[in-house]
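K.L.:
Enclosed is the structure file query-v1.txt (compact mmCIF, C-alpha atoms).
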```
# COMPACT_ATOMS: atom_id res chain seq x y z
CA MET A 1 56.98 84.94 81.91
CA MET A 2 58.03 88.61 81.92
CA LYS A 3 60.26 88.03 84.91
CA ARG A 4 61.97 85.04 83.29
CA SER A 5 62.76 86.90 80.06
CA ALA A 6 64.19 89.83 82.05
CA ILE A 7 66.52 87.44 83.87
CA VAL A 8 67.59 85.85 80.57
CA LEU A 9 68.26 89.28 79.05
CA LEU A 10 70.28 90.30 82.13
CA ALA A 11 72.31 87.08 81.93
CA LEU A 12 73.00 87.66 78.24
CA ALA A 13 74.07 91.25 78.90
CA ILE A 14 76.47 90.13 81.66
CA ALA A 15 77.93 87.41 79.42
CA ALA A 16 78.39 89.83 76.53
CA SER A 17 80.12 92.42 78.69
CA ALA A 18 82.38 89.78 80.26
CA SER A 19 83.47 88.46 76.86
CA SER A 20 84.22 91.97 75.60
CA LEU A 21 86.18 92.70 78.79
CA THR A 22 88.50 89.72 78.27
CA ALA A 23 89.30 90.85 74.74
CA GLN A 24 90.18 94.41 75.81
CA THR A 25 93.68 95.63 75.23
CA VAL A 26 95.32 98.19 77.44
CA THR A 27 97.92 100.17 75.54
CA SER A 28 99.59 101.91 78.45
CA GLY A 29 100.74 100.93 81.91
CA LEU A 30 102.80 97.98 83.06
CA ARG A 31 101.13 95.45 80.73
CA GLY A 32 101.84 97.35 77.52
CA PRO A 33 99.72 96.16 74.57
CA THR A 34 99.01 92.70 76.07
CA PRO A 35 95.29 91.82 76.25
CA LEU A 36 93.94 91.45 79.79
CA ASN A 37 93.26 87.74 79.35
CA ASP A 38 96.82 86.99 78.13
CA GLU A 39 100.10 86.82 79.97
CA GLY A 40 102.67 89.00 78.28
CA PRO A 41 106.36 88.29 77.89
CA ALA A 42 108.59 88.76 80.93
CA PRO A 43 110.63 91.96 80.84
CA PRO A 44 114.36 91.51 80.26
CA MET A 45 116.50 91.01 83.34
CA LEU A 46 118.53 94.10 84.15
CA PRO A 47 122.04 93.96 85.61
CA ASN A 48 122.52 94.26 89.35
CA ARG A 49 124.14 97.31 90.82
CA ASN A 50 127.82 96.81 91.51
CA THR A 51 129.19 99.39 93.88
CA SER A 52 130.85 99.57 97.25
CA GLU A 53 128.45 102.28 98.45
CA LYS A 54 126.19 101.45 101.37
CA GLU A 55 122.48 101.84 100.66
CA VAL A 56 120.38 103.93 103.03
CA ARG A 57 117.99 101.86 105.12
CA ASN A 58 114.33 102.81 104.95
CA TYR A 59 113.24 101.64 108.40
CA PRO A 60 114.78 100.47 111.67
CA GLU A 61 115.93 96.85 111.64
CA GLN A 62 115.83 96.68 107.82
CA PRO A 63 118.44 94.16 106.69
CA PRO A 64 121.09 95.94 104.63
CA VAL A 65 120.80 95.36 100.89
CA ILE A 66 123.70 93.92 98.92
CA PRO A 67 125.28 96.74 96.88
CA HIS A 68 127.36 94.46 94.66
CA THR A 69 126.71 91.51 92.34
CA ILE A 70 126.64 88.05 93.84
CA ASP A 71 126.40 86.08 90.59
CA GLY A 72 128.09 82.72 91.07
CA TYR A 73 128.33 83.01 94.86
CA GLN A 74 127.96 79.69 96.64
CA VAL A 75 125.66 79.99 99.66
CA ASP A 76 124.53 76.53 100.66
CA LEU A 77 125.18 73.84 103.28
CA ASN A 78 128.72 73.35 101.96
CA GLY A 79 129.87 76.95 101.99
CA ASN A 80 129.11 80.66 102.15
CA LYS A 81 131.04 82.91 99.78
CA CYS A 82 129.72 86.02 101.57
CA LEU A 83 131.76 85.13 104.64
CA SER A 84 135.00 85.22 102.65
CA CYS A 85 134.74 89.03 102.98
CA HIS A 86 132.18 89.71 105.71
CA ALA A 87 133.41 87.26 108.38
CA ARG A 88 134.92 88.82 111.49
CA ALA A 89 138.42 87.54 110.62
CA ARG A 90 138.31 88.84 107.02
CA THR A 91 136.97 92.42 107.31
CA ALA A 92 140.35 94.10 107.90
CA GLU A 93 141.67 92.58 104.70
CA SER A 94 138.51 93.00 102.57
CA GLN A 95 137.30 96.34 104.01
CA ALA A 96 133.76 94.90 103.92
CA PRO A 97 131.43 95.48 106.87
CA MET A 98 131.36 92.63 109.36
CA VAL A 99 128.12 90.68 109.72
CA SER A 100 126.03 91.94 112.62
CA ILE A 101 126.63 90.57 116.09
CA THR A 102 123.05 89.29 115.98
CA HIS A 103 124.23 86.74 113.40
CA PHE A 104 126.40 85.15 116.11
CA MET A 105 123.48 84.45 118.46
CA ASP A 106 121.40 81.34 118.75
CA ARG A 107 117.64 81.54 119.17
CA ASP A 108 118.07 81.84 122.96
CA GLY A 109 120.32 84.91 122.60
CA GLN A 110 123.52 83.05 123.54
CA LEU A 111 126.63 84.25 121.70
CA LEU A 112 128.35 81.71 119.48
CA GLY A 113 131.92 81.60 118.20
CA SER A 114 130.80 81.60 114.56
CA VAL A 115 127.80 82.60 112.49
CA SER A 116 124.64 80.90 113.69
CA PRO A 117 123.29 78.21 111.37
CA ARG A 118 119.97 80.06 111.28
CA ARG A 119 121.77 83.15 109.90
CA PHE A 120 124.01 81.29 107.45
CA PHE A 121 121.88 81.77 104.30
CA CYS A 122 122.40 85.49 103.69
CA THR A 123 120.05 85.92 100.74
CA GLU A 124 117.03 84.96 102.83
CA CYS A 125 117.12 88.54 104.18
CA HIS A 126 119.74 90.44 102.20
CA VAL A 127 119.06 91.08 98.51
CA PRO A 128 121.09 92.60 95.67
CA GLN A 129 119.69 95.69 93.97
CA ASN A 130 119.35 95.98 90.22
CA THR A 131 119.50 99.03 87.98
CA ALA A 132 115.78 99.09 87.09
CA ASN A 133 113.76 102.23 87.51
CA PRO A 134 110.71 101.63 89.71
CA PRO A 135 107.68 100.79 87.54
CA VAL A 136 105.42 102.79 89.87
CA SER A 137 106.29 106.10 91.50
CA ASN A 138 106.92 105.99 95.22
CA ASP A 139 106.68 108.80 97.76
CA PHE A 140 107.99 106.78 100.71
CA THR A 141 109.55 108.90 103.45
CA ASP A 142 111.92 107.30 105.93
CA ILE A 143 111.36 107.62 109.69
CA ASP A 144 114.28 110.00 110.30
CA THR A 145 112.86 112.50 107.80
CA LEU A 146 109.40 112.25 109.39
CA LEU A 147 110.83 112.80 112.86
CA SER A 148 112.87 115.83 111.75
CA ARG A 149 109.76 117.37 110.19
CA ALA A 150 107.67 116.72 113.31
CA SER A 151 109.94 118.33 115.90
CA PRO A 152 110.57 122.11 115.78
CA GLY A 153 114.39 122.04 115.94
CA GLY A 154 114.88 118.95 113.84
CA ARG A 155 115.58 115.51 115.25
CA ARG A 156 116.46 115.29 118.93
```
Output the structure of this file as structure tokens.
P.N.:
Amino acid sequence: MMKRSAIVLLALAIAASASSLTAQTVTSGLRGPTPLNDEGPAPPMLPNRNTSEKEVRNYPEQPPVIPHTIDGYQVDLNGNKCLSCHARARTAESQAPMVSITHFMDRDGQLLGSVSPRRFFCTECHVPQNTANPPVSNDFTDIDTLLSRASPGGRR
């Protein structure tokens, strides 16, 4: 009987602590004053950056980010607004960087005369950047910086 009552008391203690945990409110951090068992309101959408400056890439083979707004751009089976500036034939006029040569290859590595259908939907890899400050600090160091620190005379 003693064992059974101890188990009941333990179960009651666990239930009581679980119910008090769900009612807790955290006043700082990303959640703000929203209780842990509630979903708070979504933060307001911030505007995208809109510049012609190229963003630094953080790692080799990182797809370049989009430094300008693309609101209202059509990128679907019927058309690709990105190519009105970034297509090979339009870069002299637009001064935009041309899409990579890899975008003109099929999956077997054969060069095509136009952008490959598998590379047609730009925003699958390339994303615009907004003006938000990061919600969590980040001490990421890119590979070039790491290599220059590692070798005595800088990067070779």
K.L.:
Would you kindly identify which residues have an atom no farther than 12 Å from (111.4, 107.0, 109.8), using only C-alpha atoms and the file's own coordinates, and write them out as a PDB file with C-alpha atoms, keeping the file's coordinate frame?
P.N.:
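Result file is part04.pdb:
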```
ATOM      1  CA  VAL A  56     120.380 103.930 103.030  1.00  0.00           C
ATOM      2  CA  ARG A  57     117.990 101.860 105.120  1.00  0.00           C
ATOM      3  CA  ASN A  58     114.330 102.810 104.950  1.00  0.00           C
ATOM      4  CA  TYR A  59     113.240 101.640 108.400  1.00  0.00           C
ATOM      5  CA  PRO A  60     114.780 100.470 111.670  1.00  0.00           C
ATOM      6  CA  GLU A  61     115.930  96.850 111.640  1.00  0.00           C
ATOM      7  CA  GLN A  62     115.830  96.680 107.820  1.00  0.00           C
ATOM      8  CA  PHE A 140     107.990 106.780 100.710  1.00  0.00           C
ATOM      9  CA  THR A 141     109.550 108.900 103.450  1.00  0.00           C
ATOM     10  CA  ASP A 142     111.920 107.300 105.930  1.00  0.00           C
ATOM     11  CA  ILE A 143     111.360 107.620 109.690  1.00  0.00           C
ATOM     12  CA  ASP A 144     114.280 110.000 110.300  1.00  0.00           C
ATOM     13  CA  THR A 145     112.860 112.500 107.800  1.00  0.00           C
ATOM     14  CA  LEU A 146     109.400 112.250 109.390  1.00  0.00           C
ATOM     15  CA  LEU A 147     110.830 112.800 112.860  1.00  0.00           C
ATOM     16  CA  SER A 148     112.870 115.830 111.750  1.00  0.00           C
ATOM     17  CA  ARG A 149     109.760 117.370 110.190  1.00  0.00           C
ATOM     18  CA  ALA A 150     107.670 116.720 113.310  1.00  0.00           C
ATOM     19  CA  ARG A 155     115.580 115.510 115.250  1.00  0.00           C
TER      20      ARG A 155
END
```
K.L.:
Can you work out the spacing between atom CA of Asp71 of chain A and atom CA of Ala132 of chain A in Å, to one decimal?
P.N.:
17.2 Å
K.L.:
Take every atom of segment 120-134 of chain A listed in the file, pad by 5 Å on each side, and give me the axis-aligned box centre and edge lengths in Å, one decimal, as lines of an AutoDock Vina configuration file.
P.N.:
```
center_x = 117.4
center_y = 91.8
center_z = 97.3
size_x = 23.3
size_y = 30.9
size_z = 30.4
```
K.L.:
Could you tell me how far atom CA of Val127 of chain A sits from atom CA of Pro41 of chain A, in Å to one decimal place?
P.N.:
24.4 Å
K.L.:
Give me the residues within 9 Å of segment 119-122 of chain A as a PyMOL selection string, counting all atoms listed in the file and dropping any in the same chain fewer than 4 places off.
P.N.:
chain A and resi 75-77+80+82+102-105+115+126-127
K.L.:
Calculated over only C-alpha atoms, which of the candidates A:Pro152, A:Ser100, A:Leu112, A:Val136 has the smallest distance to Gly29 of chain A?
P.N.:
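With only C-alpha atoms as the atom set, the closest residue is A:Val136.
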K.L.:
Just how far from atom CA of Gly72 of chain A is atom CA of Arg88 of chain A, in Å to one decimal?
P.N.:
22.4 Å
K.L.:
Nearest to Thr51 of chain A among A:Leu9, A:Asp38, A:Cys85, A:Ile70, with distances taken over only C-alpha atoms: which residue is it?
P.N.:
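Of A:Leu9, A:Asp38, A:Cys85, A:Ile70, the one nearest Thr51 of chain A, counting only C-alpha atoms, is A:Ile70.
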K.L.:
From the list A:Pro128, A:Pro117, A:Gln74, A:Ser151, which residue is nearest Leu46 of chain A when using all atoms listed in the file?
P.N.:
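With all atoms listed in the file as the atom set, the closest residue is A:Pro128.
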K.L.:
From the options A:Val99, A:Ala92, A:Ile66, A:Ala6, which residue's atoms come nearest to Ser116 of chain A, counting all atoms listed in the file?
P.N.:
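Selected residue with least distance to Ser116 of chain A: A:Val99.
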K.L.:
Find the residues with any atom within 6 Å of (129.1, 90.9, 106.7); use only C-alpha atoms and the coordinates as given in the file, and write the answer as a list in words.
P.N.:
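The requested residues, written out, are His86, Ala87, Pro97, Met98 and Val99 of chain A.
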